[in-house]
Structure formats: C-alpha cells, structure tokens
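Trainee: I am attaching a structure below and will ask some questions about it afterwards.
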Amino acid sequence: MRSYVFPGDIEKRISAIGSQPIPYMRTDEFSRINKDSERILLKLIHCKNGRAILYTGSGTGAMSATVENYVSTKKKALVIDGGSFGHRWYEMCRYYGIPVFNYLVPFAQDIDYNDLEKTLSREKPDVFLCQHHETSTGQLFNLEKISAICRRHKISLVVDAISSFLAEELDMDALEIDICIVSSQKGLNIPPGLSVVFLRKNLNGHPWGRKGYYWDFEDNLRNLSRGQTPFSPATTLFLQLHARLEQLEAEGGEVKNIARVHHRAGIFRRLCREYGWEIPAEVPSFAITGFQTKEKTPGKVFRSLIEKHQTFIMPGDRPGFYRVSHMGLQTEEDLRELAGRIHEFETE
Ligand SMILES: *Cc1c(COP(=O)(O)O)cnc(C)c1O
C-alpha cells in the first residue's frame, strides 16, 4: 500500500510502537514522556513559556476546544472562510452562538489583505480565526500580513496550523499568535487521533469559557502540569508522538523536515507541469499539491489507483481536482511513478 493522504506512509520504527504492549498510563514514566513531548512541541512551534495541551481526539476536537474555551470569551469573531476548514470555524462559532463575521475567499485564492483590513475596521471583531494552509484547496495564507493587521487592530489571532505544522515555517511568538492548533496525522506523520492546542504565554490566567466538559482547558492544563490527562489517553499514540518528537529534536528541530517537504513538493510540481496539470492555488503550500487533472471519467483516477495499486490520493471538491500530500515518506521515484499512473488513468 502507498499513501499520499494523511498521515502518508509512516516510518517503520514509529509504526512498530503501535504493535507493542500498552503500558499503564498513571505512572511517573508516562508523565515524564508527556512533559517531554510538551517541551519539544513548544520548541518546534516557537512558543516560549507557553503551554501545549495534548488531546485524544482529532484536529476538529482541538478546534472545538478552542472555540468553547477561548473564542466564547470574546465578543465577536471574524473567520477566513476559504474552503471547508475555514467554514468549519464559522460553523463552530454559530453552533456556540458566538457572533461571527464570515470573510469569504474564493476557491484556491489568496486573501485580498487590503480589503480584509477594511472589513476589520468595519466589523470590529476581537478575535480572528483562520487556517495557515486551507487544506481543501492547497492555498497558503500569509500569516505575516494577517498578524500585522491583527496587531494594528488589537485583535487576538487564532490559527489552525493543522496541515502546515512541520511543512511551513511557523513562529508563534514572532507572529504573536495567541492560539495555534495542530494534529498528529498531518505534519507529525503519526496515526490520527491526537491533537494539540498551543497557548502563548500571554494567555496565562485567561478566564476560560468552559463550555465543554471533555475539552475543558482548565482541567486539561491542571492534569498536564503533572504530565497527565483527565481521561484515558490514546496511550500508544502518545508514545508514538514522543518517539517522533525525539527524532525531530535529534535532527535539530523542524528545519530539516520542512526542507524535505519542500523538496518533495518541488519534484511533484515539476511533474504536474510535465503532464499539463494546473495547480489552482494562488500561493500553494508545500504540504500538499492540489492539481487539476484532465480526467475523462469522474473518479476514475481515484478508484483505479486504489484498485490496481493500493494507492491513496485525496479527491477534492471539484471533478478531476486531486490532492497529493508531501508529509509522509516518499522518494522522487515514488512521485514519478504516482504521476505516471495518474496520467495513465486520466485518459481512460
Ligand atoms: C485535517 C484538518 C483539520 C481537521 O482535522 P481532523 O483531524 O480531521 O479533525 C482541520 N483543519 C485543517 C487545516 C486540516 O487540514
């Protein structure tokens, strides 16, 4: 099997942890592992003296936690809705009855930052929610520009960096991002099931909203101070997370991993040009390549890759639009073979 979705193909050493006996988790040993994971995570995202809450739950759980505990303490939110993940922020705000302005961005386009600033002056939100990389289209938003605008208008910035963490440079402190969210199955390249909420140090002591029992920040932070979780953790995933983080730390942090992802994206994008596949994203993230094939029979490429080669790519919202992740293990040869097969099936 070959996987070009999330998490992609995982290193054997990491997947092997999943077949080991599961240790009891209410121990000093397990606490030390989690404290160490928190330390490395904070380093990788540049969030000095901040906190990283580890949740058993997918990325959307961490988004929900953020809305329940933080966004709910604000008067009005503004959401960048440039695809299905941006739209999720909007739906969550509505779900919890938080006044929200939905700033729509057309498919795969960048934000018009001047217009955005005008909208902020008019709408006066006090919290700004966006994605770093809108995974549904492949578009990367400019956090430097967003951060500067938020600073000028004194708006708290919350970023879903689920699919850009370890694929794009990201410095929470420098960008003054108050909350960042990541999850295990994207840049970290371990199985799905864990997510992380990063809180910048200035949020220390914030009166949290406490609108959801499972995701409660206070309860989770209190437990995490001793390396524990309020409820049963996905123990195996926590061990895989730590092993992966140690590996990243040993290779000097996030820089090498980001370079690897960039390199693979570069290779695949050259292949897209060779086959005449357009990449619609105005500013594509290196995390995935979203490309428009010339597929004749809708869904043919997707199904044939599975049926003939046990290979997974991600379909998109439009016919013939596919996404290939660059997060897992993949070589130049793998990508060449994949592109060749996609080409073969698109003409059928
Ligand atoms: C994958 C993803 C999510 C949702 O994560 P789940 O793990 O499926 O809950 C949210 N935001 C972005 C940008 C993503 O790429």
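Letters for chains follow the order of the structure tokens (A, B, ...), residue numbers begin at 1 for each chain, and ligand numbers begin at 1 in the order shown.
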Would you list, as a PyMOL selection string, the residues of range 29-164 of chain A that end up in strand (DSSP E) under DSSP run on this structure's backbone?
Mentor: chain A and resi 51-56+77-81+100-104+127-131+133-134+139-140+156-160
Trainee: Let me see the file: selected residues, N, CA, C and O atoms, as a compact mmCIF listing (two decimals), in the first residue's frame.
Mentor:
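Result saved to out.txt:
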```
# COMPACT_ATOMS: atom_id res chain seq x y z
N ARG A 51 2.01 26.92 26.73
CA ARG A 51 1.57 25.57 27.10
C ARG A 51 1.10 24.84 25.84
O ARG A 51 0.68 25.46 24.87
N ALA A 52 1.17 23.51 25.89
CA ALA A 52 0.66 22.69 24.79
C ALA A 52 -0.24 21.62 25.41
O ALA A 52 0.25 20.74 26.11
N ILE A 53 -1.53 21.73 25.16
CA ILE A 53 -2.46 20.73 25.69
C ILE A 53 -2.54 19.58 24.69
O ILE A 53 -2.77 19.80 23.49
N LEU A 54 -2.32 18.36 25.17
CA LEU A 54 -2.39 17.17 24.31
C LEU A 54 -3.76 16.54 24.49
O LEU A 54 -4.14 16.18 25.60
N TYR A 55 -4.49 16.43 23.40
CA TYR A 55 -5.83 15.84 23.45
C TYR A 55 -5.87 14.51 22.72
O TYR A 55 -5.28 14.38 21.64
N THR A 56 -6.62 13.57 23.27
CA THR A 56 -7.01 12.40 22.50
C THR A 56 -8.25 12.83 21.73
O THR A 56 -9.30 13.09 22.33
N ALA A 77 -16.24 37.25 16.53
CA ALA A 77 -15.15 36.61 15.78
C ALA A 77 -15.24 36.97 14.31
O ALA A 77 -16.31 37.26 13.79
N LEU A 78 -14.07 36.96 13.66
CA LEU A 78 -14.05 37.05 12.19
C LEU A 78 -13.32 35.80 11.70
O LEU A 78 -12.27 35.42 12.23
N VAL A 79 -13.93 35.13 10.73
CA VAL A 79 -13.40 33.87 10.23
C VAL A 79 -12.99 34.03 8.77
O VAL A 79 -13.73 34.61 7.98
N ILE A 80 -11.82 33.50 8.41
CA ILE A 80 -11.45 33.42 7.00
C ILE A 80 -12.03 32.12 6.46
O ILE A 80 -11.61 31.04 6.85
N ASP A 81 -13.01 32.26 5.57
CA ASP A 81 -13.70 31.09 5.03
C ASP A 81 -13.27 30.91 3.58
O ASP A 81 -13.90 31.39 2.66
N VAL A 100 -20.35 36.16 14.72
CA VAL A 100 -19.21 35.89 13.83
C VAL A 100 -19.45 36.51 12.46
O VAL A 100 -20.57 36.49 11.95
N PHE A 101 -18.38 37.07 11.89
CA PHE A 101 -18.43 37.55 10.50
C PHE A 101 -17.64 36.57 9.65
O PHE A 101 -16.50 36.23 9.96
N ASN A 102 -18.27 36.14 8.57
CA ASN A 102 -17.68 35.15 7.69
C ASN A 102 -17.01 35.86 6.51
O ASN A 102 -17.70 36.33 5.61
N TYR A 103 -15.69 35.92 6.48
CA TYR A 103 -14.98 36.58 5.37
C TYR A 103 -14.69 35.53 4.30
O TYR A 103 -13.81 34.69 4.46
N LEU A 104 -15.45 35.59 3.21
CA LEU A 104 -15.33 34.56 2.16
C LEU A 104 -14.14 34.83 1.24
O LEU A 104 -13.92 35.96 0.82
N VAL A 127 -11.61 38.73 17.94
CA VAL A 127 -10.81 37.51 17.74
C VAL A 127 -10.89 37.11 16.27
O VAL A 127 -11.94 37.24 15.63
N PHE A 128 -9.73 36.67 15.74
CA PHE A 128 -9.59 36.38 14.31
C PHE A 128 -9.24 34.91 14.16
O PHE A 128 -8.27 34.43 14.75
N LEU A 129 -10.03 34.17 13.39
CA LEU A 129 -9.80 32.74 13.22
C LEU A 129 -9.47 32.43 11.76
O LEU A 129 -10.21 32.83 10.87
N CYS A 130 -8.36 31.72 11.54
CA CYS A 130 -8.03 31.36 10.16
C CYS A 130 -7.27 30.05 10.12
O CYS A 130 -6.92 29.48 11.16
N GLN A 131 -7.03 29.58 8.91
CA GLN A 131 -6.13 28.46 8.68
C GLN A 131 -4.81 29.04 8.19
O GLN A 131 -4.83 30.09 7.53
N HIS A 133 -2.86 27.02 6.30
CA HIS A 133 -2.98 26.38 4.99
C HIS A 133 -4.39 25.80 4.90
O HIS A 133 -4.76 24.96 5.71
N GLU A 134 -5.17 26.29 3.94
CA GLU A 134 -6.53 25.76 3.73
C GLU A 134 -6.37 24.45 2.93
O GLU A 134 -6.22 24.46 1.71
N GLN A 139 -4.29 26.25 -0.67
CA GLN A 139 -3.88 27.66 -0.56
C GLN A 139 -3.24 27.95 0.80
O GLN A 139 -3.79 27.59 1.85
N LEU A 140 -2.09 28.63 0.76
CA LEU A 140 -1.40 29.06 1.97
C LEU A 140 -1.70 30.54 2.20
O LEU A 140 -1.53 31.35 1.29
N SER A 156 -7.14 39.47 18.74
CA SER A 156 -6.44 38.24 19.11
C SER A 156 -6.45 37.26 17.94
O SER A 156 -7.48 37.03 17.31
N LEU A 157 -5.28 36.68 17.65
CA LEU A 157 -5.14 35.81 16.48
C LEU A 157 -5.08 34.33 16.87
O LEU A 157 -4.28 33.92 17.72
N VAL A 158 -5.96 33.55 16.25
CA VAL A 158 -6.02 32.09 16.47
C VAL A 158 -5.82 31.41 15.12
O VAL A 158 -6.51 31.73 14.16
N VAL A 159 -4.86 30.49 15.04
CA VAL A 159 -4.53 29.87 13.76
C VAL A 159 -4.63 28.35 13.81
O VAL A 159 -4.02 27.71 14.68
N ASP A 160 -5.37 27.79 12.89
CA ASP A 160 -5.38 26.34 12.67
C ASP A 160 -4.20 26.04 11.75
O ASP A 160 -4.23 26.36 10.56
```
Trainee: Can I get the residues of chain A within 7 Å of ligand 1, each with the closest pair of atoms and their distance in Å to one decimal, using only C-alpha atoms and all ligand atoms, sorted chain first then ascending number, as a Markdown table?
Mentor:
```
| residue | atom | partner | partner_atom_place_in_ligand_line | distance |
| --- | --- | --- | --- | --- |
| A:Ser58 | CA | ligand 1 | 7 (O) | 3.9 |
| A:Gly59 | CA | ligand 1 | 7 (O) | 3.7 |
| A:Thr60 | CA | ligand 1 | 9 (O) | 3.6 |
| A:Gly61 | CA | ligand 1 | 9 (O) | 6.3 |
| A:Phe85 | CA | ligand 1 | 11 (N) | 5.1 |
| A:Gln131 | CA | ligand 1 | 13 (C) | 5.7 |
| A:His133 | CA | ligand 1 | 13 (C) | 5.9 |
| A:Glu134 | CA | ligand 1 | 13 (C) | 5.3 |
| A:Thr135 | CA | ligand 1 | 15 (O) | 4.7 |
| A:Asp160 | CA | ligand 1 | 13 (C) | 5.9 |
| A:Ala161 | CA | ligand 1 | 13 (C) | 6.2 |
| A:Ile162 | CA | ligand 1 | 12 (C) | 4.9 |
| A:Ser163 | CA | ligand 1 | 15 (O) | 4.4 |
| A:Ser183 | CA | ligand 1 | 7 (O) | 6.2 |
| A:Pro192 | CA | ligand 1 | 7 (O) | 6.6 |
```
Trainee: Please identify every residue of range 183-296 of chain A that has at least one atom no farther than 9 Å from an atom of range 304-319 of chain A, counting only C-alpha atoms, and for each give the shortest atom pair and the distance in Å to one decimal, arranged by chain then increasing number, as JSON lines.
Mentor:
```
{"residue": "A:Gly290", "atom": "CA", "partner": "A:Gly316", "partner_atom": "CA", "distance": 8.0}
{"residue": "A:Gln292", "atom": "CA", "partner": "A:Pro319", "partner_atom": "CA", "distance": 8.4}
{"residue": "A:Thr293", "atom": "CA", "partner": "A:Pro319", "partner_atom": "CA", "distance": 8.8}
{"residue": "A:Glu295", "atom": "CA", "partner": "A:Pro319", "partner_atom": "CA", "distance": 8.0}
```
Trainee: I'd like the neighbourhood of Thr235 in chain A as a ChimeraX atom specification, where a residue qualifies if any of its atoms comes within 10 Å (using only C-alpha atoms), though same-chain residues fewer than 3 positions away should be ignored.
Mentor: /A:18,22-25,30,56,232,238-241
Trainee: Using only C-alpha atoms, find the one residue out of A:Val324, A:Leu271, A:Ala281, A:Val71 that sits nearest to Ala339 in chain A.
Mentor: A:Leu271
Trainee: Select from range 64-261 of chain A everything DSSP, run on the backbone, classes as alpha helix (DSSP H), then give the selection as number ranges by chain.
Mentor: A: 64-69, 84-95, 113-123, 143-152, 172-175, 217-224, 235-250, 255-261
Trainee: Counting only C-alpha atoms, figure out which residue out of A:Gly266, A:Gly227, A:Pro298, A:Gly212 gets nearest to Glu332 in chain A.
Mentor: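 Comparing A:Gly266, A:Gly227, A:Pro298, A:Gly212 against Glu332 in chain A, the winner is A:Gly266.
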